[in-house]
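Structure first, commentary second.
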Amino acid sequence: MAYSPPSPATLALLGGLVAAALAVRSGRPRIAPLALGVGVVLAALLAEHPRLAAADALLWLPPVVLVAGLLAGRSAGDRFSISAPERAILVVAAVAQAQMFPRPDFSHLAQIAPSLWLAGAVVWRRFADAWWRGLPDSRSDRWLGRAAIAGVAVIALTRALPSLVSRLGERMVPIDAGSRAPLVIAESAAPGFTWLAAAVHEVEGRTLRGEPVFSFPDLAGVAFLADRPVPFFYLYFVPGRPDRAAEHRTVDEITRIAPPLALVGPPRVAAFRGAETYFTDIAAALRQQYREVASGEGFRVLERSAP
């Protein structure tokens with residue numbers, strides 16, 4: 001799965017960033033904030049779905065930043081002097097970015113976020129320094145950048161620290177999720193996963209080893225814990241990802257593969273909300289080809305009834 005083409009909102013934002021960087025590099029630092037501001041406003045106006053627009057922008061932002069940093073460090077002389085350790089950071093981040101393929105989902109950025117944060121900080125610092133030096137009186141503007149960075153740090157720490165400290169200090173307890181994967185979980189979250197053992201045992205008891213299972217929209221982990229294959233191209237279903245054409249592909253796979261069991265339930269993660277109403281063709285195929293034989297807290301077990 002390659003990256004989807006950048007949305008119009010993403011193109012507007014990246015265009016503003018590139019224009020701001022070019023303004024700084026050409027010795028016109030006063031134009032940079034205007035260019036960036038226009039890009040941000042256009043992106044906000046063009047964004048149809050805020051969450052998906054933000055995810056799309058963050059997928060395309062790292063490659064653009066990396067290319068800008070590597071090119072500026074090689075061709076701009078002393079104004080963008082990037083040290084050897086900083087170049088190493090950019091190269092490591094570029095390799096990590098390349099290893100993302102074929103993983104275009106926004107959540108996979110978490111795996112390489114540390115290297116991307118460092119690379120982004122290097123590039124931001126160098127362009128910001130060049131911007132400040134290009135202003136008539138750079139001293140009067142430097143405090144503004146430092147205040148902005150401090151404000152972002154304070155916001156991030158105040159939001160993250162309370163939950164992080166409580167989680168690090170909380171006792172971990174075992175959770176019954178079948179014999180394949182002994183798991184532990186924070187004690188306060190354990191009651192929310194009592195259903196997992198029941199779902200795993202249902203799948204184990206109603207299928208033979210090697211028989212496929214279809215899960216919808218976000219229950220593929222249950223089949224994994226039950227050691228049953230899920231031989232479908234898409235393993236989870238976020239509204240809009242996959243799109244309608246891919247939904248039709250999934251319906252064809254359900255008919256062709258004919259898994260003896262399907263496991264469905266309301267989404268447990270916010271990103272999946274609305275999947276049961278968005279993927280109407282999948283829901284219709286399950287109604288036509290399966291019948292409910294068991295249920296538990298937040299899940300239903302369907303057995304195949306169609307020939």
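By convention in this document, the chains of the structure tokens carry letters A, B, ... by their order, each chain's residues are numbered from 1, and ligands are numbered from 1 in the order they are shown.
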Env of segment 106-115 of chain A: 8 Å cut, atoms = only C-alpha atoms, seq-sep filter 3 positions within chain, self excluded. Answer as an mmCIF file with C-alpha atoms, in the first residue's frame.
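What follows is the written file out-v9.cif:
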data_model
loop_
_atom_site.group_PDB
_atom_site.id
_atom_site.type_symbol
_atom_site.label_atom_id
_atom_site.label_comp_id
_atom_site.auth_asym_id
_atom_site.auth_seq_id
_atom_site.Cartn_x
_atom_site.Cartn_y
_atom_site.Cartn_z
ATOM 1 C CA ALA A 55 -3.053 12.630 9.703
ATOM 2 C CA ASP A 56 -2.508 13.130 5.981
ATOM 3 C CA LEU A 58 1.748 14.577 9.150
ATOM 4 C CA LEU A 59 2.413 11.686 6.771
ATOM 5 C CA ILE A 89 20.337 12.664 12.518
ATOM 6 C CA VAL A 92 18.905 8.210 10.191
ATOM 7 C CA ALA A 93 15.477 9.831 10.035
ATOM 8 C CA ALA A 96 13.509 5.344 9.055
ATOM 9 C CA GLN A 97 11.062 7.223 6.822
ATOM 10 C CA MET A 100 7.737 3.089 6.590
ATOM 11 C CA ARG A 103 2.918 1.269 6.007
ATOM 12 C CA LEU A 118 15.008 15.199 16.221
ATOM 13 C CA ALA A 119 15.310 15.750 12.484
#
Enumerate, as a PDB file with C-alpha atoms, in the first residue's frame, the complete set of residues in segment 28-257 of chain A that a backbone-based DSSP assignment places in helix (DSSP H, G or I).
ATOM      1  CA  ILE A  31       7.780  37.239   3.777  1.00  0.00           C
ATOM      2  CA  ALA A  32       8.150  33.902   5.545  1.00  0.00           C
ATOM      3  CA  PRO A  33       5.436  34.366   8.235  1.00  0.00           C
ATOM      4  CA  LEU A  34       2.994  35.615   5.580  1.00  0.00           C
ATOM      5  CA  ALA A  35       3.650  32.608   3.323  1.00  0.00           C
ATOM      6  CA  LEU A  36       3.269  30.180   6.197  1.00  0.00           C
ATOM      7  CA  GLY A  37       0.114  31.907   7.409  1.00  0.00           C
ATOM      8  CA  VAL A  38      -1.506  31.756   3.972  1.00  0.00           C
ATOM      9  CA  GLY A  39      -0.692  28.036   3.763  1.00  0.00           C
ATOM     10  CA  VAL A  40      -2.224  27.339   7.173  1.00  0.00           C
ATOM     11  CA  VAL A  41      -5.413  29.310   6.379  1.00  0.00           C
ATOM     12  CA  LEU A  42      -5.850  27.580   3.010  1.00  0.00           C
ATOM     13  CA  ALA A  43      -5.284  24.185   4.616  1.00  0.00           C
ATOM     14  CA  ALA A  44      -7.947  24.901   7.232  1.00  0.00           C
ATOM     15  CA  LEU A  45     -10.425  25.984   4.539  1.00  0.00           C
ATOM     16  CA  LEU A  46      -9.754  22.948   2.336  1.00  0.00           C
ATOM     17  CA  PRO A  50     -10.041  17.561  10.582  1.00  0.00           C
ATOM     18  CA  ARG A  51      -8.642  14.286  11.927  1.00  0.00           C
ATOM     19  CA  LEU A  52      -7.954  12.711   8.539  1.00  0.00           C
ATOM     20  CA  ALA A  53      -6.559  16.004   7.225  1.00  0.00           C
ATOM     21  CA  ALA A  54      -4.128  16.251  10.134  1.00  0.00           C
ATOM     22  CA  ALA A  55      -3.053  12.630   9.703  1.00  0.00           C
ATOM     23  CA  ASP A  56      -2.508  13.130   5.981  1.00  0.00           C
ATOM     24  CA  ALA A  57      -0.457  16.280   6.561  1.00  0.00           C
ATOM     25  CA  LEU A  58       1.748  14.577   9.150  1.00  0.00           C
ATOM     26  CA  LEU A  59       2.413  11.686   6.771  1.00  0.00           C
ATOM     27  CA  TRP A  60       3.780  14.033   4.113  1.00  0.00           C
ATOM     28  CA  LEU A  61       5.440  16.595   6.370  1.00  0.00           C
ATOM     29  CA  PRO A  62       8.499  14.489   7.405  1.00  0.00           C
ATOM     30  CA  PRO A  63       9.685  13.754   3.834  1.00  0.00           C
ATOM     31  CA  VAL A  64       9.419  17.419   2.898  1.00  0.00           C
ATOM     32  CA  VAL A  65      11.292  18.519   6.039  1.00  0.00           C
ATOM     33  CA  LEU A  66      14.012  15.921   5.503  1.00  0.00           C
ATOM     34  CA  VAL A  67      14.548  16.908   1.886  1.00  0.00           C
ATOM     35  CA  ALA A  68      14.633  20.588   2.843  1.00  0.00           C
ATOM     36  CA  GLY A  69      17.172  19.957   5.589  1.00  0.00           C
ATOM     37  CA  LEU A  70      19.453  17.786   3.471  1.00  0.00           C
ATOM     38  CA  LEU A  71      19.372  20.169   0.498  1.00  0.00           C
ATOM     39  CA  ALA A  72      19.832  23.298   2.625  1.00  0.00           C
ATOM     40  CA  GLY A  73      22.730  21.753   4.513  1.00  0.00           C
ATOM     41  CA  ARG A  74      24.543  20.945   1.270  1.00  0.00           C
ATOM     42  CA  SER A  75      23.924  24.060  -0.782  1.00  0.00           C
ATOM     43  CA  GLY A  77      26.690  27.688   2.887  1.00  0.00           C
ATOM     44  CA  ASP A  78      27.208  29.151   6.327  1.00  0.00           C
ATOM     45  CA  ARG A  79      23.678  30.466   6.678  1.00  0.00           C
ATOM     46  CA  PHE A  80      22.383  26.910   7.009  1.00  0.00           C
ATOM     47  CA  ALA A  84      28.126  16.360  11.010  1.00  0.00           C
ATOM     48  CA  PRO A  85      26.088  14.989  13.977  1.00  0.00           C
ATOM     49  CA  GLU A  86      23.032  16.880  12.726  1.00  0.00           C
ATOM     50  CA  ARG A  87      23.506  15.483   9.225  1.00  0.00           C
ATOM     51  CA  ALA A  88      23.671  12.013  10.787  1.00  0.00           C
ATOM     52  CA  ILE A  89      20.337  12.664  12.518  1.00  0.00           C
ATOM     53  CA  LEU A  90      18.784  13.652   9.183  1.00  0.00           C
ATOM     54  CA  VAL A  91      20.159  10.556   7.445  1.00  0.00           C
ATOM     55  CA  VAL A  92      18.905   8.210  10.191  1.00  0.00           C
ATOM     56  CA  ALA A  93      15.477   9.831  10.035  1.00  0.00           C
ATOM     57  CA  ALA A  94      15.446   9.534   6.224  1.00  0.00           C
ATOM     58  CA  VAL A  95      16.228   5.810   6.426  1.00  0.00           C
ATOM     59  CA  ALA A  96      13.509   5.344   9.055  1.00  0.00           C
ATOM     60  CA  GLN A  97      11.062   7.223   6.822  1.00  0.00           C
ATOM     61  CA  ALA A  98      11.916   4.992   3.861  1.00  0.00           C
ATOM     62  CA  PHE A 106      -0.757   7.455  10.493  1.00  0.00           C
ATOM     63  CA  SER A 107      -0.418   5.260  13.593  1.00  0.00           C
ATOM     64  CA  HIS A 108       2.798   3.751  12.256  1.00  0.00           C
ATOM     65  CA  LEU A 109       4.540   7.114  12.593  1.00  0.00           C
ATOM     66  CA  ALA A 110       4.794   6.318  16.311  1.00  0.00           C
ATOM     67  CA  GLN A 111       7.452   3.726  15.501  1.00  0.00           C
ATOM     68  CA  ALA A 113       8.579   9.446  15.807  1.00  0.00           C
ATOM     69  CA  PRO A 114      11.754   9.947  17.932  1.00  0.00           C
ATOM     70  CA  SER A 115      14.032  10.220  14.905  1.00  0.00           C
ATOM     71  CA  LEU A 116      11.535  12.437  13.078  1.00  0.00           C
ATOM     72  CA  TRP A 117      11.217  14.774  16.082  1.00  0.00           C
ATOM     73  CA  LEU A 118      15.008  15.199  16.221  1.00  0.00           C
ATOM     74  CA  ALA A 119      15.310  15.750  12.484  1.00  0.00           C
ATOM     75  CA  GLY A 120      12.449  18.249  12.512  1.00  0.00           C
ATOM     76  CA  ALA A 121      14.053  20.116  15.403  1.00  0.00           C
ATOM     77  CA  VAL A 122      17.367  20.349  13.534  1.00  0.00           C
ATOM     78  CA  VAL A 123      15.758  21.740  10.386  1.00  0.00           C
ATOM     79  CA  TRP A 124      13.473  24.094  12.301  1.00  0.00           C
ATOM     80  CA  ARG A 125      16.400  25.449  14.322  1.00  0.00           C
ATOM     81  CA  ARG A 126      18.536  26.148  11.259  1.00  0.00           C
ATOM     82  CA  PHE A 127      15.782  27.885   9.310  1.00  0.00           C
ATOM     83  CA  ALA A 128      14.715  29.827  12.402  1.00  0.00           C
ATOM     84  CA  ASP A 129      18.292  30.997  12.960  1.00  0.00           C
ATOM     85  CA  ALA A 130      18.513  32.138   9.354  1.00  0.00           C
ATOM     86  CA  TRP A 131      15.191  33.921   9.683  1.00  0.00           C
ATOM     87  CA  TRP A 132      16.277  35.763  12.829  1.00  0.00           C
ATOM     88  CA  ARG A 133      19.615  36.756  11.306  1.00  0.00           C
ATOM     89  CA  GLY A 134      17.836  38.154   8.264  1.00  0.00           C
ATOM     90  CA  SER A 138      17.036  39.852  15.395  1.00  0.00           C
ATOM     91  CA  ARG A 139      17.349  40.268  19.167  1.00  0.00           C
ATOM     92  CA  SER A 140      13.831  41.647  19.507  1.00  0.00           C
ATOM     93  CA  ASP A 141      12.359  38.608  17.777  1.00  0.00           C
ATOM     94  CA  ARG A 142      14.424  35.804  19.305  1.00  0.00           C
ATOM     95  CA  TRP A 143      12.516  35.904  22.612  1.00  0.00           C
ATOM     96  CA  LEU A 144       9.273  35.287  20.718  1.00  0.00           C
ATOM     97  CA  GLY A 145      10.542  31.993  19.307  1.00  0.00           C
ATOM     98  CA  ARG A 146      11.827  30.886  22.691  1.00  0.00           C
ATOM     99  CA  ALA A 147       8.526  31.777  24.331  1.00  0.00           C
ATOM    100  CA  ALA A 148       6.640  29.757  21.718  1.00  0.00           C
ATOM    101  CA  ILE A 149       8.864  26.711  22.236  1.00  0.00           C
ATOM    102  CA  ALA A 150       8.514  27.005  26.018  1.00  0.00           C
ATOM    103  CA  GLY A 151       4.741  27.286  25.697  1.00  0.00           C
ATOM    104  CA  VAL A 152       4.519  24.137  23.572  1.00  0.00           C
ATOM    105  CA  ALA A 153       6.728  22.279  26.060  1.00  0.00           C
ATOM    106  CA  VAL A 154       4.591  23.360  29.023  1.00  0.00           C
ATOM    107  CA  ILE A 155       1.374  22.316  27.270  1.00  0.00           C
ATOM    108  CA  ALA A 156       2.821  18.927  26.307  1.00  0.00           C
ATOM    109  CA  LEU A 157       4.190  18.214  29.782  1.00  0.00           C
ATOM    110  CA  THR A 158       1.066  19.280  31.647  1.00  0.00           C
ATOM    111  CA  ARG A 159      -1.077  17.061  29.418  1.00  0.00           C
ATOM    112  CA  ALA A 160       1.184  14.008  29.440  1.00  0.00           C
ATOM    113  CA  LEU A 161       2.752  13.890  32.889  1.00  0.00           C
ATOM    114  CA  PRO A 162      -0.328  13.215  35.062  1.00  0.00           C
ATOM    115  CA  SER A 163      -1.429  10.134  33.130  1.00  0.00           C
ATOM    116  CA  LEU A 164       2.142   8.983  32.518  1.00  0.00           C
ATOM    117  CA  VAL A 165       3.132   9.139  36.187  1.00  0.00           C
ATOM    118  CA  SER A 166       0.008   7.281  37.286  1.00  0.00           C
ATOM    119  CA  ARG A 167       0.508   4.573  34.672  1.00  0.00           C
ATOM    120  CA  LEU A 168       4.174   4.028  35.479  1.00  0.00           C
ATOM    121  CA  GLY A 169       3.350   3.616  39.147  1.00  0.00           C
ATOM    122  CA  GLU A 187      -4.939  -2.964  37.147  1.00  0.00           C
ATOM    123  CA  SER A 188      -7.374  -0.098  36.599  1.00  0.00           C
ATOM    124  CA  ALA A 189      -7.897  -1.100  32.938  1.00  0.00           C
ATOM    125  CA  ALA A 190      -8.316  -4.836  33.550  1.00  0.00           C
ATOM    126  CA  PRO A 191     -12.134  -4.778  34.036  1.00  0.00           C
ATOM    127  CA  GLY A 192     -12.557  -3.415  30.536  1.00  0.00           C
ATOM    128  CA  PHE A 193     -10.970  -6.525  29.029  1.00  0.00           C
ATOM    129  CA  THR A 194     -12.891  -9.322  30.708  1.00  0.00           C
ATOM    130  CA  TRP A 195     -14.656  -9.889  27.377  1.00  0.00           C
ATOM    131  CA  LEU A 196     -11.414 -10.810  25.639  1.00  0.00           C
ATOM    132  CA  ALA A 197     -11.106 -14.293  27.115  1.00  0.00           C
ATOM    133  CA  ALA A 198     -14.708 -15.112  26.211  1.00  0.00           C
ATOM    134  CA  ALA A 199     -14.204 -13.973  22.616  1.00  0.00           C
ATOM    135  CA  VAL A 200     -10.959 -15.945  22.225  1.00  0.00           C
ATOM    136  CA  HIS A 201     -12.525 -19.120  23.648  1.00  0.00           C
ATOM    137  CA  GLU A 202     -15.533 -18.762  21.338  1.00  0.00           C
ATOM    138  CA  VAL A 203     -13.282 -18.591  18.287  1.00  0.00           C
ATOM    139  CA  GLU A 204     -11.170 -21.523  19.506  1.00  0.00           C
ATOM    140  CA  GLY A 205     -14.210 -23.660  20.285  1.00  0.00           C
ATOM    141  CA  ARG A 206     -16.085 -23.048  17.022  1.00  0.00           C
ATOM    142  CA  ALA A 220      -8.458  -9.002  14.342  1.00  0.00           C
ATOM    143  CA  GLY A 221      -6.401  -9.331  17.517  1.00  0.00           C
ATOM    144  CA  VAL A 222      -8.896 -11.873  18.858  1.00  0.00           C
ATOM    145  CA  ALA A 223      -8.233 -14.166  15.885  1.00  0.00           C
ATOM    146  CA  PHE A 224      -4.493 -13.757  16.456  1.00  0.00           C
ATOM    147  CA  LEU A 225      -4.834 -14.722  20.110  1.00  0.00           C
ATOM    148  CA  ARG A 244     -15.491   2.169  -1.093  1.00  0.00           C
ATOM    149  CA  ALA A 245     -13.553   0.309  -3.777  1.00  0.00           C
ATOM    150  CA  ALA A 246     -11.582  -1.541  -1.117  1.00  0.00           C
ATOM    151  CA  GLU A 247     -14.804  -2.306   0.738  1.00  0.00           C
ATOM    152  CA  HIS A 248     -16.096  -4.049  -2.384  1.00  0.00           C
ATOM    153  CA  ARG A 249     -12.856  -6.014  -2.526  1.00  0.00           C
ATOM    154  CA  THR A 250     -13.441  -7.151   1.044  1.00  0.00           C
ATOM    155  CA  VAL A 251     -16.993  -8.253   0.245  1.00  0.00           C
ATOM    156  CA  ASP A 252     -15.662 -10.312  -2.679  1.00  0.00           C
ATOM    157  CA  GLU A 253     -13.067 -11.885  -0.367  1.00  0.00           C
ATOM    158  CA  ILE A 254     -15.727 -12.821   2.199  1.00  0.00           C
ATOM    159  CA  THR A 255     -17.706 -14.620  -0.521  1.00  0.00           C
ATOM    160  CA  ARG A 256     -14.669 -16.288  -2.082  1.00  0.00           C
ATOM    161  CA  ILE A 257     -12.782 -17.314   1.078  1.00  0.00           C
TER     162      ILE A 257
END
Restricting the calculation to only C-alpha atoms: of A:Leu11, A:Gly274, A:Asp227, A:Pro212, which residue gets closest to Arg241 of chain A?
A:Gly274
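Checking A:Ala271, A:Leu208, A:Leu261, A:Ala186 one by one against Tyr236 of chain A, counting only C-alpha atoms, you find the shortest gap at A:Ala271.
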Sel. of strand (DSSP E) residues, segment 158-266 of chain A, as a PyMOL selection string:
chain A and resi 172-175+183-186+213-216+261-264
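Taking only C-alpha atoms into account, Phe214 of chain A lies nearest to A:Pro229 out of the set A:Gly15, A:Gly27, A:Pro229, A:Gly178.
Distance-wise, atom CA of Val184 of chain A and atom CA of Ala262 of chain A end up 26.6 Å apart.
When only C-alpha atoms are used to compute distances to Phe237 of chain A, the closest of the residues A:Ala275, A:Ala285, A:Ile175, A:Leu135 turns out to be A:Ala275.
The coordinates place atom CA of Glu48 of chain A at 11.3 Å from atom CA of Thr10 of chain A.
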